[in-house]
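Visitor: Coordinates in input_2.cif, mmCIF, C-alpha atoms and all ligand atoms, are listed below.
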data_final
#
loop_
_atom_site.group_PDB
_atom_site.id
_atom_site.type_symbol
_atom_site.label_atom_id
_atom_site.label_comp_id
_atom_site.auth_asym_id
_atom_site.auth_seq_id
_atom_site.Cartn_x
_atom_site.Cartn_y
_atom_site.Cartn_z
ATOM 1 C CA MET A 1 0.000 0.000 0.000
ATOM 2 C CA ILE A 2 1.029 3.598 -0.413
ATOM 3 C CA SER A 3 3.300 4.882 2.276
ATOM 4 C CA ASP A 4 2.927 8.610 2.702
ATOM 5 C CA THR A 5 5.108 9.009 5.704
ATOM 6 C CA LEU A 6 8.506 7.848 4.590
ATOM 7 C CA ASN A 7 11.238 10.320 5.165
ATOM 8 C CA PRO A 8 14.186 9.838 2.821
ATOM 9 C CA ALA A 9 16.599 11.088 5.480
ATOM 10 C CA ASP A 10 15.451 8.378 7.827
ATOM 11 C CA ASP A 11 16.088 5.100 6.106
ATOM 12 C CA SER A 12 18.035 3.299 8.776
ATOM 13 C CA ASP A 13 16.271 0.006 8.154
ATOM 14 C CA GLY A 14 16.510 0.337 4.371
ATOM 15 C CA ILE A 15 12.754 0.221 3.889
ATOM 16 C CA ARG A 16 12.771 3.006 1.352
ATOM 17 C CA ASP A 17 15.197 1.088 -0.824
ATOM 18 C CA ARG A 18 13.158 -2.056 -0.440
ATOM 19 C CA LEU A 19 9.997 -0.238 -1.472
ATOM 20 C CA ARG A 20 11.844 1.358 -4.340
ATOM 21 C CA GLU A 21 12.748 -2.038 -5.656
ATOM 22 C CA HIS A 22 9.090 -2.787 -6.041
ATOM 23 C CA LEU A 23 7.911 0.702 -6.982
ATOM 24 C CA LEU A 24 6.233 3.357 -5.259
ATOM 25 C CA VAL A 25 7.190 5.685 -2.610
ATOM 26 C CA VAL A 26 4.926 8.634 -2.068
ATOM 27 C CA ASN A 27 6.555 11.022 0.314
ATOM 28 C CA GLU A 28 5.852 14.546 1.443
ATOM 29 C CA GLU A 29 8.368 16.188 -0.890
ATOM 30 C CA THR A 30 6.936 14.636 -4.010
ATOM 31 C CA LYS A 31 3.272 14.491 -3.148
ATOM 32 C CA ASN A 32 2.398 17.236 -5.604
ATOM 33 C CA GLY A 33 4.443 15.997 -8.504
ATOM 34 C CA GLY A 34 7.965 17.060 -7.568
ATOM 35 C CA VAL A 35 10.905 15.577 -9.453
ATOM 36 C CA ASP A 36 12.507 12.342 -8.351
ATOM 37 C CA ASP A 37 15.134 10.699 -10.556
ATOM 38 C CA HIS A 38 13.872 7.198 -9.888
ATOM 39 C CA VAL A 39 10.330 7.987 -10.965
ATOM 40 C CA LYS A 40 9.427 7.831 -14.651
ATOM 41 C CA ILE A 41 5.699 8.435 -14.325
ATOM 42 C CA ARG A 42 4.040 9.977 -11.298
ATOM 43 C CA ILE A 43 0.277 9.801 -10.927
ATOM 44 C CA ARG A 44 -1.360 12.002 -8.325
ATOM 45 C CA ASN A 45 -5.016 11.897 -7.406
ATOM 46 C CA LEU A 46 -6.082 10.913 -10.930
ATOM 47 C CA THR A 47 -9.862 10.842 -11.065
ATOM 48 C CA LYS A 48 -12.151 10.427 -14.057
ATOM 49 C CA PHE A 49 -15.853 11.079 -14.016
ATOM 50 C CA SER A 50 -18.108 9.907 -16.793
ATOM 51 C CA ASP A 51 -21.411 11.227 -18.047
ATOM 52 C CA GLY A 52 -24.370 9.224 -16.935
ATOM 53 C CA LYS A 53 -22.556 7.254 -14.259
ATOM 54 C CA GLU A 54 -22.960 7.819 -10.583
ATOM 55 C CA ASN A 55 -19.501 6.600 -9.582
ATOM 56 C CA PRO A 56 -16.258 7.865 -11.070
ATOM 57 C CA ILE A 57 -14.358 5.461 -13.329
ATOM 58 C CA LEU A 58 -11.087 6.334 -11.570
ATOM 59 C CA ARG A 59 -11.001 7.493 -7.978
ATOM 60 C CA GLY A 60 -7.877 9.277 -6.873
ATOM 61 C CA ILE A 61 -5.151 7.039 -8.308
ATOM 62 C CA ASN A 62 -1.770 7.649 -6.671
ATOM 63 C CA VAL A 63 1.270 5.740 -7.789
ATOM 64 C CA ASP A 64 4.849 6.236 -8.827
ATOM 65 C CA ILE A 65 6.058 4.119 -11.725
ATOM 66 C CA LEU A 66 9.765 3.627 -11.339
ATOM 67 C CA ARG A 67 12.142 3.963 -14.256
ATOM 68 C CA GLY A 68 13.109 0.719 -15.969
ATOM 69 C CA LYS A 69 10.557 -1.498 -14.229
ATOM 70 C CA ILE A 70 7.717 -3.638 -15.539
ATOM 71 C CA VAL A 71 4.502 -2.798 -13.721
ATOM 72 C CA GLY A 72 1.552 -5.166 -14.046
ATOM 73 C CA ILE A 73 -1.991 -3.838 -13.718
ATOM 74 C CA ILE A 74 -4.631 -6.403 -12.839
ATOM 75 C CA GLY A 75 -8.184 -6.273 -11.564
ATOM 76 C CA PRO A 76 -11.763 -7.224 -12.373
ATOM 77 C CA SER A 77 -13.387 -6.239 -15.663
ATOM 78 C CA GLY A 78 -14.550 -2.647 -15.599
ATOM 79 C CA SER A 79 -12.277 -1.687 -12.700
ATOM 80 C CA GLY A 80 -10.617 1.059 -14.770
ATOM 81 C CA LYS A 81 -7.347 -0.563 -15.893
ATOM 82 C CA SER A 82 -7.539 0.575 -19.529
ATOM 83 C CA THR A 83 -8.836 3.992 -18.531
ATOM 84 C CA MET A 84 -5.861 4.486 -16.226
ATOM 85 C CA LEU A 85 -3.425 3.342 -18.918
ATOM 86 C CA ARG A 86 -4.983 5.591 -21.571
ATOM 87 C CA ALA A 87 -4.504 8.690 -19.446
ATOM 88 C CA LEU A 88 -0.745 8.228 -19.603
ATOM 89 C CA ASN A 89 -0.422 9.120 -23.283
ATOM 90 C CA ARG A 90 -3.483 11.364 -23.308
ATOM 91 C CA LEU A 91 -5.882 9.130 -25.197
ATOM 92 C CA TRP A 92 -8.144 10.978 -22.842
ATOM 93 C CA GLU A 93 -7.118 14.265 -21.329
ATOM 94 C CA PRO A 94 -6.269 13.888 -17.637
ATOM 95 C CA PRO A 95 -6.758 16.953 -15.427
ATOM 96 C CA ALA A 96 -3.713 19.195 -14.997
ATOM 97 C CA GLU A 97 -1.247 18.177 -12.295
ATOM 98 C CA THR A 98 -2.288 14.551 -12.160
ATOM 99 C CA VAL A 99 0.160 12.771 -14.492
ATOM 100 C CA PHE A 100 3.838 13.663 -14.705
ATOM 101 C CA LEU A 101 6.494 12.262 -17.049
ATOM 102 C CA ASP A 102 10.020 12.852 -15.717
ATOM 103 C CA GLY A 103 8.519 15.548 -13.515
ATOM 104 C CA HIS A 104 6.690 17.352 -16.360
ATOM 105 C CA ASP A 105 2.925 17.627 -16.281
ATOM 106 C CA ILE A 106 1.909 15.708 -19.413
ATOM 107 C CA VAL A 107 -0.864 18.130 -20.329
ATOM 108 C CA ASP A 108 1.849 20.779 -20.890
ATOM 109 C CA LEU A 109 3.730 18.558 -23.354
ATOM 110 C CA ASP A 110 3.243 18.404 -27.099
ATOM 111 C CA VAL A 111 0.866 15.476 -27.485
ATOM 112 C CA LEU A 112 2.643 13.875 -30.454
ATOM 113 C CA GLY A 113 5.995 14.162 -28.698
ATOM 114 C CA LEU A 114 4.420 12.569 -25.612
ATOM 115 C CA ARG A 115 3.054 9.664 -27.661
ATOM 116 C CA ARG A 116 6.447 9.125 -29.252
ATOM 117 C CA LYS A 117 7.997 8.824 -25.799
ATOM 118 C CA VAL A 118 5.085 6.824 -24.389
ATOM 119 C CA GLY A 119 4.227 4.171 -26.969
ATOM 120 C CA MET A 120 1.201 1.918 -26.754
ATOM 121 C CA LEU A 121 0.134 -1.529 -27.920
ATOM 122 C CA PHE A 122 -3.413 -2.859 -27.837
ATOM 123 C CA GLN A 123 -5.000 -6.278 -27.724
ATOM 124 C CA ILE A 124 -5.454 -6.445 -31.505
ATOM 125 C CA PRO A 125 -2.628 -4.891 -33.524
ATOM 126 C CA ALA A 126 -3.757 -2.599 -36.323
ATOM 127 C CA LEU A 127 -1.135 -2.453 -39.049
ATOM 128 C CA PHE A 128 -1.236 0.149 -41.786
ATOM 129 C CA GLU A 129 -1.465 -0.804 -45.453
ATOM 130 C CA GLY A 130 1.807 -1.774 -47.090
ATOM 131 C CA THR A 131 4.772 -3.863 -46.072
ATOM 132 C CA VAL A 132 6.183 -4.581 -42.660
ATOM 133 C CA ALA A 133 9.069 -2.213 -43.468
ATOM 134 C CA ASP A 134 6.586 0.553 -44.407
ATOM 135 C CA ASN A 135 4.890 0.079 -41.044
ATOM 136 C CA ILE A 136 8.147 0.244 -39.115
ATOM 137 C CA ARG A 137 9.298 3.340 -41.005
ATOM 138 C CA TYR A 138 6.034 5.178 -40.428
ATOM 139 C CA GLY A 139 6.762 7.047 -37.156
ATOM 140 C CA PRO A 140 10.263 8.338 -37.992
ATOM 141 C CA GLN A 141 9.009 9.291 -41.495
ATOM 142 C CA LEU A 142 6.421 11.605 -39.924
ATOM 143 C CA ARG A 143 9.358 13.476 -38.422
ATOM 144 C CA GLY A 144 11.225 13.574 -41.745
ATOM 145 C CA LYS A 145 13.623 10.699 -41.044
ATOM 146 C CA ARG A 146 13.795 7.615 -43.273
ATOM 147 C CA LEU A 147 15.090 4.525 -41.508
ATOM 148 C CA SER A 148 17.708 2.608 -43.493
ATOM 149 C CA ASP A 149 17.100 -1.042 -44.398
ATOM 150 C CA ASP A 150 19.675 -1.947 -41.797
ATOM 151 C CA GLU A 151 17.810 -0.010 -39.084
ATOM 152 C CA VAL A 152 14.542 -1.719 -40.037
ATOM 153 C CA HIS A 153 16.248 -5.128 -39.829
ATOM 154 C CA LYS A 154 17.590 -4.271 -36.379
ATOM 155 C CA LEU A 155 14.090 -3.370 -35.197
ATOM 156 C CA LEU A 156 12.715 -6.597 -36.674
ATOM 157 C CA ASN A 157 15.396 -8.480 -34.838
ATOM 158 C CA LEU A 158 14.618 -6.687 -31.589
ATOM 159 C CA ALA A 159 10.977 -7.735 -31.918
ATOM 160 C CA ASP A 160 12.045 -11.330 -32.592
ATOM 161 C CA LEU A 161 11.098 -11.332 -36.275
ATOM 162 C CA ASP A 162 13.526 -12.642 -38.885
ATOM 163 C CA SER A 163 14.599 -10.726 -41.981
ATOM 164 C CA SER A 164 12.093 -12.471 -44.237
ATOM 165 C CA PHE A 165 9.326 -10.320 -42.758
ATOM 166 C CA PHE A 166 10.829 -7.110 -44.181
ATOM 167 C CA SER A 167 8.824 -7.133 -47.424
ATOM 168 C CA GLN A 168 5.779 -9.043 -46.262
ATOM 169 C CA ILE A 169 2.388 -7.381 -46.458
ATOM 170 C CA GLY A 170 1.190 -6.407 -42.988
ATOM 171 C CA SER A 171 -2.379 -7.545 -43.540
ATOM 172 C CA GLU A 172 -1.195 -11.068 -44.410
ATOM 173 C CA LEU A 173 0.441 -11.768 -41.055
ATOM 174 C CA SER A 174 -0.899 -13.787 -38.154
ATOM 175 C CA VAL A 175 -2.038 -11.813 -35.107
ATOM 176 C CA GLY A 176 1.078 -12.894 -33.196
ATOM 177 C CA GLN A 177 3.392 -11.767 -35.999
ATOM 178 C CA ALA A 178 1.410 -8.538 -36.463
ATOM 179 C CA GLN A 179 1.717 -7.781 -32.745
ATOM 180 C CA ARG A 180 5.501 -8.077 -32.998
ATOM 181 C CA VAL A 181 5.485 -5.771 -36.047
ATOM 182 C CA ALA A 182 3.365 -3.306 -34.065
ATOM 183 C CA LEU A 183 5.957 -3.524 -31.306
ATOM 184 C CA ALA A 184 8.819 -2.922 -33.768
ATOM 185 C CA ARG A 185 6.860 0.031 -35.200
ATOM 186 C CA THR A 186 6.520 1.501 -31.719
ATOM 187 C CA LEU A 187 10.196 0.880 -30.948
ATOM 188 C CA ALA A 188 11.149 2.784 -34.108
ATOM 189 C CA ASN A 189 10.090 5.918 -32.229
ATOM 190 C CA ALA A 190 12.649 5.154 -29.498
ATOM 191 C CA PRO A 191 10.041 5.272 -26.734
ATOM 192 C CA GLU A 192 10.955 5.532 -23.068
ATOM 193 C CA VAL A 193 7.731 3.993 -21.803
ATOM 194 C CA LEU A 194 5.539 1.237 -23.248
ATOM 195 C CA LEU A 195 1.861 0.995 -22.354
ATOM 196 C CA LEU A 196 0.482 -2.449 -23.078
ATOM 197 C CA ASP A 197 -3.234 -3.122 -22.936
ATOM 198 C CA GLU A 198 -3.623 -6.907 -22.898
ATOM 199 C CA PRO A 199 -1.134 -7.270 -25.776
ATOM 200 C CA THR A 200 -1.068 -11.068 -25.732
ATOM 201 C CA SER A 201 -4.678 -11.934 -24.947
ATOM 202 C CA ALA A 202 -5.366 -12.821 -28.596
ATOM 203 C CA LEU A 203 -2.144 -14.821 -28.976
ATOM 204 C CA ASP A 204 -1.258 -18.491 -28.592
ATOM 205 C CA PRO A 205 1.169 -19.507 -25.807
ATOM 206 C CA ILE A 206 4.216 -19.543 -28.092
ATOM 207 C CA SER A 207 3.561 -16.065 -29.495
ATOM 208 C CA THR A 208 2.823 -14.917 -25.952
ATOM 209 C CA GLU A 209 6.167 -16.237 -24.755
ATOM 210 C CA ASN A 210 7.928 -14.518 -27.658
ATOM 211 C CA ILE A 211 6.398 -11.175 -26.713
ATOM 212 C CA GLU A 212 7.209 -11.673 -23.026
ATOM 213 C CA ASP A 213 10.842 -12.467 -23.892
ATOM 214 C CA VAL A 214 11.057 -9.318 -25.998
ATOM 215 C CA LEU A 215 9.587 -7.225 -23.159
ATOM 216 C CA MET A 216 12.118 -8.594 -20.676
ATOM 217 C CA LYS A 217 14.899 -7.789 -23.137
ATOM 218 C CA LEU A 218 13.578 -4.247 -23.598
ATOM 219 C CA LYS A 219 13.580 -3.753 -19.868
ATOM 220 C CA THR A 220 17.093 -5.025 -19.282
ATOM 221 C CA LYS A 221 18.817 -3.817 -22.450
ATOM 222 C CA TRP A 222 16.934 -0.617 -23.200
ATOM 223 C CA GLY A 223 15.895 0.293 -19.682
ATOM 224 C CA LEU A 224 12.324 0.786 -20.897
ATOM 225 C CA THR A 225 9.606 1.399 -18.361
ATOM 226 C CA ILE A 226 6.699 -0.915 -19.149
ATOM 227 C CA ILE A 227 3.155 -0.772 -17.828
ATOM 228 C CA MET A 228 1.070 -3.769 -18.774
ATOM 229 C CA VAL A 229 -2.601 -4.531 -18.239
ATOM 230 C CA SER A 230 -3.248 -8.262 -18.286
ATOM 231 C CA HIS A 231 -5.984 -10.673 -17.339
ATOM 232 C CA SER A 232 -3.380 -13.370 -16.855
ATOM 233 C CA ILE A 233 -2.044 -13.349 -13.332
ATOM 234 C CA LYS A 234 0.484 -16.009 -14.321
ATOM 235 C CA GLN A 235 1.805 -13.720 -17.037
ATOM 236 C CA ILE A 236 2.118 -10.825 -14.640
ATOM 237 C CA GLN A 237 3.918 -13.081 -12.183
ATOM 238 C CA ARG A 238 6.328 -14.142 -14.931
ATOM 239 C CA ILE A 239 7.398 -10.692 -16.014
ATOM 240 C CA ALA A 240 6.344 -7.883 -13.673
ATOM 241 C CA ASP A 241 8.490 -6.314 -10.971
ATOM 242 C CA VAL A 242 5.430 -5.063 -9.160
ATOM 243 C CA VAL A 243 1.687 -5.504 -9.440
ATOM 244 C CA CYS A 244 -1.041 -2.888 -8.943
ATOM 245 C CA LEU A 245 -4.485 -4.276 -8.280
ATOM 246 C CA LEU A 246 -7.403 -2.059 -9.249
ATOM 247 C CA VAL A 247 -10.900 -2.441 -7.852
ATOM 248 C CA ASP A 248 -13.694 0.023 -8.682
ATOM 249 C CA GLY A 249 -11.316 2.675 -9.983
ATOM 250 C CA GLU A 250 -8.937 2.522 -7.040
ATOM 251 C CA ILE A 251 -5.546 0.918 -6.556
ATOM 252 C CA VAL A 252 -6.228 -1.244 -3.543
ATOM 253 C CA GLU A 253 -2.997 -3.235 -3.452
ATOM 254 C CA ILE A 254 0.567 -2.779 -4.681
ATOM 255 C CA LEU A 255 2.607 -5.927 -4.216
ATOM 256 C CA PRO A 256 5.598 -7.782 -5.602
ATOM 257 C CA PRO A 257 4.337 -10.529 -7.951
ATOM 258 C CA ASP A 258 5.391 -13.338 -5.620
ATOM 259 C CA LYS A 259 3.502 -11.765 -2.704
ATOM 260 C CA LEU A 260 0.003 -11.563 -4.184
ATOM 261 C CA SER A 261 -1.179 -13.997 -1.545
ATOM 262 C CA GLU A 262 -0.536 -11.251 0.993
ATOM 263 C CA ALA A 263 -3.294 -9.048 -0.457
ATOM 264 C CA LYS A 264 -5.706 -7.891 2.211
ATOM 265 C CA HIS A 265 -8.458 -5.995 0.422
ATOM 266 C CA PRO A 266 -11.540 -8.299 0.363
ATOM 267 C CA MET A 267 -12.372 -7.683 -3.321
ATOM 268 C CA ALA A 268 -8.719 -8.118 -4.270
ATOM 269 C CA LEU A 269 -8.617 -11.410 -2.406
ATOM 270 C CA LYS A 270 -11.768 -12.633 -4.083
ATOM 271 C CA PHE A 271 -10.478 -11.607 -7.503
ATOM 272 C CA LEU A 272 -7.142 -13.354 -6.948
ATOM 273 C CA GLU A 273 -8.845 -16.463 -5.633
ATOM 274 C CA LEU A 274 -11.175 -16.707 -8.635
ATOM 275 C CA SER A 275 -8.347 -15.963 -11.088
ATOM 276 C CA SER A 276 -5.918 -18.606 -9.866
HETATM 277 N N1 LIG B 1 -15.395 6.898 -22.461
HETATM 278 C C1 LIG B 1 -16.157 6.317 -21.537
HETATM 279 N N2 LIG B 1 -17.366 6.798 -21.240
HETATM 280 C C2 LIG B 1 -18.145 6.207 -20.305
HETATM 281 N N3 LIG B 1 -17.775 5.137 -19.608
HETATM 282 C C3 LIG B 1 -16.577 4.604 -19.869
HETATM 283 C C4 LIG B 1 -15.702 5.158 -20.835
HETATM 284 N N4 LIG B 1 -14.573 4.406 -20.872
HETATM 285 C C5 LIG B 1 -14.731 3.426 -19.952
HETATM 286 N N5 LIG B 1 -15.926 3.549 -19.356
HETATM 287 C C6 LIG B 1 -16.449 2.716 -18.263
HETATM 288 O O1 LIG B 1 -15.469 2.782 -17.247
HETATM 289 C C7 LIG B 1 -15.342 1.543 -16.586
HETATM 290 C C8 LIG B 1 -13.907 1.082 -16.639
HETATM 291 O O2 LIG B 1 -13.591 0.702 -17.976
HETATM 292 P P1 LIG B 1 -12.143 0.136 -18.372
HETATM 293 O O3 LIG B 1 -12.214 -0.299 -19.792
HETATM 294 O O4 LIG B 1 -11.112 1.120 -17.994
HETATM 295 O O5 LIG B 1 -12.045 -1.122 -17.400
HETATM 296 P P2 LIG B 1 -11.049 -2.343 -17.476
HETATM 297 O O6 LIG B 1 -10.656 -2.637 -16.071
HETATM 298 O O7 LIG B 1 -9.938 -2.079 -18.430
HETATM 299 O O8 LIG B 1 -11.992 -3.486 -18.026
HETATM 300 P P3 LIG B 1 -11.673 -4.804 -18.888
HETATM 301 O O9 LIG B 1 -10.788 -5.660 -18.028
HETATM 302 O O10 LIG B 1 -13.006 -5.423 -19.096
HETATM 303 O O11 LIG B 1 -11.006 -4.372 -20.166
HETATM 304 C C9 LIG B 1 -16.323 0.607 -17.247
HETATM 305 O O12 LIG B 1 -17.511 0.581 -16.487
HETATM 306 C C10 LIG B 1 -16.558 1.247 -18.602
HETATM 307 O O13 LIG B 1 -17.836 0.942 -19.101
#
Could I get this structure in the form of C-alpha cells?
Guide:
Amino acid sequence: MISDTLNPADDSDGIRDRLREHLLVVNEETKNGGVDDHVKIRIRNLTKFSDGKENPILRGINVDILRGKIVGIIGPSGSGKSTMLRALNRLWEPPAETVFLDGHDIVDLDVLGLRRKVGMLFQIPALFEGTVADNIRYGPQLRGKRLSDDEVHKLLNLADLDSSFFSQIGSELSVGQAQRVALARTLANAPEVLLLDEPTSALDPISTENIEDVLMKLKTKWGLTIIMVSHSIKQIQRIADVVCLLVDGEIVEILPPDKLSEAKHPMALKFLELSS
C-alpha cells in the first residue's frame, strides 16, 4: 500500500530502498508531482468522471512508476485498468497536475511528442497498409527521417522477427506476428515507456512467450519502463516487478508478484482467488 510518511533522510532500516525495488514511494516532498530521478511516471489523485454514471471510473489514483521497471496492472473487468493506462499518453485528457512524465505535467507537453515517448500496444494490432518495413518506417518518417534497411532489420530483430518479414504485407500476417510488427513500429520511435493493454490476450502460448521475452529484453537492455494490463495473473507473475491491483477505480494493493497472496483488500482477495 502507499506509504505517505517515509522520510528519505530516515532510512536506517533500508525500507525506502526495499519499497523502491518494487515501486512506489509517495513522500511529502513529491506528493504534488515534484521531481525524483527514480520515478518515470508519477500519478497524483487521478480521477475520471463519466457522463451518466454515478460513480467515477477512476477514484484518486496515486502511484509512482519507477524507471526501468515492468509494472503489471490487474483487476476485475470494468475496474478502470484501460482507462488508467490511456490517461498516460493522453488518449483521454487527464486533469492538470495529475500525471507527470520525468517531472513534467503531461498536459503541458506536445501530445505527439508525448506519444512518441510513451508508446502503446493494444489487444489487436492494427497495421497500416503496405509492407512490414513501411509500417516500421512510419513514425520516424512523420518526423522527416527515413530509416535505413539496416535499421529496419535491427528493429525486426529486436521484436524477434527474422529478416524475411521485411517485405511481407502487414495484412497477411498472423495476429502474433502482427503484434511483434506493431511492437517494432513503436520501438522505431525510441520510446521511453511502453503501455500495453492486454497485448497477448489474442495470442497463442508460443507467441505470448515470444512477446514476453522481448519485453524482458527491452527492460534489461533498453531500460524501458513498461506498464502492462493483463488478465493473466500467471503472465504478470512471470514478467512484472510489481503488481497494482485495481478495484472500482482505485488501486487497492501494490505488491511484488510473488507476494500476491498477501493481499488484504476483500475484493482483491476474491479476484485473486477466482483468477488462480
Ligand atoms: N469513455 C467512456 N465513457 C463512459 N464510460 C466509460 C468510458 N470508458 C470506460 N468507461 C467505463 O469505465 C469503466 C472502466 O472501464 P475500463 O475499460 O477502464 O475497465 P477495465 O478494467 O480495463 O476493463 P476490462 O478488463 O473489461 O477491459 C467501465 O464501467 C466502462 O464501461
Visitor: Looking at A:Leu91, A:Ala184, A:Ile74, A:Val252, which one is nearest to A:Ile106, with distances taken over all atoms listed in the file?
Guide: A:Leu91
Visitor: Distance atom CA of A:Gly130-atom CA of A:Phe166, one decimal place?
Guide: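 Distance reported for this atom pair: 10.9 Å.
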Visitor: Quick one, how far is atom CA of A:Leu246 from atom CA of A:Glu54?
Guide: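 Distance between the two atoms: 18.5 Å.
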Visitor: Could you list, with a cut-off of 12 Å and counting all atoms listed in the file, the residues of stretch 87-157 of chain A near stretch 189-206 of chain A, each shown with its nearest atom pair and the distance in Å rounded to one decimal, rows sorted by chain and ascending number, as JSON lines?
Guide:
{"residue": "A:Ala87", "atom": "CA", "partner": "A:Leu195", "partner_atom": "CA", "distance": 10.4}
{"residue": "A:Leu88", "atom": "CA", "partner": "A:Leu195", "partner_atom": "CA", "distance": 8.2}
{"residue": "A:Asn89", "atom": "CA", "partner": "A:Leu195", "partner_atom": "CA", "distance": 8.5}
{"residue": "A:Arg90", "atom": "CA", "partner": "A:Leu195", "partner_atom": "CA", "distance": 11.7}
{"residue": "A:Leu91", "atom": "CA", "partner": "A:Leu195", "partner_atom": "CA", "distance": 11.6}
{"residue": "A:Leu101", "atom": "CA", "partner": "A:Val193", "partner_atom": "CA", "distance": 9.6}
{"residue": "A:Asp102", "atom": "CA", "partner": "A:Glu192", "partner_atom": "CA", "distance": 10.4}
{"residue": "A:Leu112", "atom": "CA", "partner": "A:Asn189", "partner_atom": "CA", "distance": 11.0}
{"residue": "A:Gly113", "atom": "CA", "partner": "A:Asn189", "partner_atom": "CA", "distance": 9.9}
{"residue": "A:Leu114", "atom": "CA", "partner": "A:Pro191", "partner_atom": "CA", "distance": 9.3}
{"residue": "A:Arg115", "atom": "CA", "partner": "A:Pro191", "partner_atom": "CA", "distance": 8.3}
{"residue": "A:Arg116", "atom": "CA", "partner": "A:Asn189", "partner_atom": "CA", "distance": 5.7}
{"residue": "A:Lys117", "atom": "CA", "partner": "A:Pro191", "partner_atom": "CA", "distance": 4.2}
{"residue": "A:Val118", "atom": "CA", "partner": "A:Val193", "partner_atom": "CA", "distance": 4.7}
{"residue": "A:Gly119", "atom": "CA", "partner": "A:Leu194", "partner_atom": "CA", "distance": 4.9}
{"residue": "A:Met120", "atom": "CA", "partner": "A:Leu195", "partner_atom": "CA", "distance": 4.5}
{"residue": "A:Leu121", "atom": "CA", "partner": "A:Leu196", "partner_atom": "CA", "distance": 4.9}
{"residue": "A:Phe122", "atom": "CA", "partner": "A:Asp197", "partner_atom": "CA", "distance": 4.9}
{"residue": "A:Gln123", "atom": "CA", "partner": "A:Pro199", "partner_atom": "CA", "distance": 4.4}
{"residue": "A:Ile124", "atom": "CA", "partner": "A:Ala202", "partner_atom": "CA", "distance": 7.0}
{"residue": "A:Pro125", "atom": "CA", "partner": "A:Pro199", "partner_atom": "CA", "distance": 8.2}
{"residue": "A:Ala126", "atom": "CA", "partner": "A:Pro199", "partner_atom": "CA", "distance": 11.8}
{"residue": "A:Asn135", "atom": "CA", "partner": "A:Asn189", "partner_atom": "CA", "distance": 11.8}
{"residue": "A:Ile136", "atom": "CA", "partner": "A:Asn189", "partner_atom": "CA", "distance": 9.1}
{"residue": "A:Arg137", "atom": "CA", "partner": "A:Asn189", "partner_atom": "CA", "distance": 9.2}
{"residue": "A:Tyr138", "atom": "CA", "partner": "A:Asn189", "partner_atom": "CA", "distance": 9.2}
{"residue": "A:Gly139", "atom": "CA", "partner": "A:Asn189", "partner_atom": "CA", "distance": 6.1}
{"residue": "A:Pro140", "atom": "CA", "partner": "A:Asn189", "partner_atom": "CA", "distance": 6.3}
{"residue": "A:Gln141", "atom": "CA", "partner": "A:Asn189", "partner_atom": "CA", "distance": 9.9}
{"residue": "A:Leu142", "atom": "CA", "partner": "A:Asn189", "partner_atom": "CA", "distance": 10.2}
{"residue": "A:Arg143", "atom": "CA", "partner": "A:Asn189", "partner_atom": "CA", "distance": 9.8}
{"residue": "A:Lys145", "atom": "CA", "partner": "A:Asn189", "partner_atom": "CA", "distance": 10.6}
{"residue": "A:Arg146", "atom": "CA", "partner": "A:Asn189", "partner_atom": "CA", "distance": 11.8}
{"residue": "A:Leu147", "atom": "CA", "partner": "A:Asn189", "partner_atom": "CA", "distance": 10.6}
{"residue": "A:Glu151", "atom": "CA", "partner": "A:Asn189", "partner_atom": "CA", "distance": 11.9}
{"residue": "A:Val152", "atom": "CA", "partner": "A:Asn189", "partner_atom": "CA", "distance": 11.8}
{"residue": "A:Leu155", "atom": "CA", "partner": "A:Ala190", "partner_atom": "CA", "distance": 10.4}
Visitor: Return as a ChimeraX atom specification every polymer residue, whether protein, DNA or RNA, with at least one atom no more than 10 Å from an atom of ligand LIG 1 (chain B); count all atoms listed in the file.
Guide: /A:48-53,55-58,73-86,92,123,197-198,229-231,246-249
Visitor: With distances taken over all atoms listed in the file, which of A:Leu215, A:Phe271, A:Ser232, A:Arg44 is nearest to A:Leu245?
Guide: A:Phe271
Visitor: Using all atoms listed in the file, pick whichever of A:His38, A:Arg180, A:Lys154, A:Arg185 has the shortest atom-to-atom distance to A:Glu212.
Guide: A:Arg180
Visitor: If we count all atoms listed in the file and set the cut-off at 8 Å, which residues sit around A:Val243, ignoring sequence neighbours fewer than 2 positions away in its own chain? Please answer as a count of residues only.
Guide: 13
Visitor: Using Å and a single decimal, report how far atom CA of A:Asp134 sits from atom CA of A:Gln179.
Guide: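 Going from atom CA of A:Gln179 over to atom CA of A:Asp134, I get 15.1 Å.
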Visitor: Which residue, A:Ile227, A:Ile211, A:Ile239, A:Ala178, has the smallest gap to A:Asp160 when you use only C-alpha atoms?
Guide: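 The shortest atom-to-atom distance to A:Asp160 comes from A:Ile211.
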Visitor: Select, from A:Cys244, A:Glu172, A:Ala159, A:Gln237, the residue with the minimum atom-to-atom distance to A:Asn210, counting only C-alpha atoms.
Guide: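 The answer is A:Ala159, which sits nearest to A:Asn210.
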Visitor: Find the residues around A:Ser163 up to 8 Å (only C-alpha atoms counted), leave out those fewer than 4 positions away in its own chain, and share them as a list in words.
Guide: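 Counting only the stated atoms, we get His153, Leu156 and Asn157 of chain A.
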Visitor: May I ask which of the residues A:Gly176, A:Val63, A:Val242, A:Glu209 is the closest one to A:Ile226, counting all atoms listed in the file?
Guide: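 Checking each of A:Gly176, A:Val63, A:Val242, A:Glu209 against A:Ile226, counting all atoms listed in the file, the winner is A:Val242.
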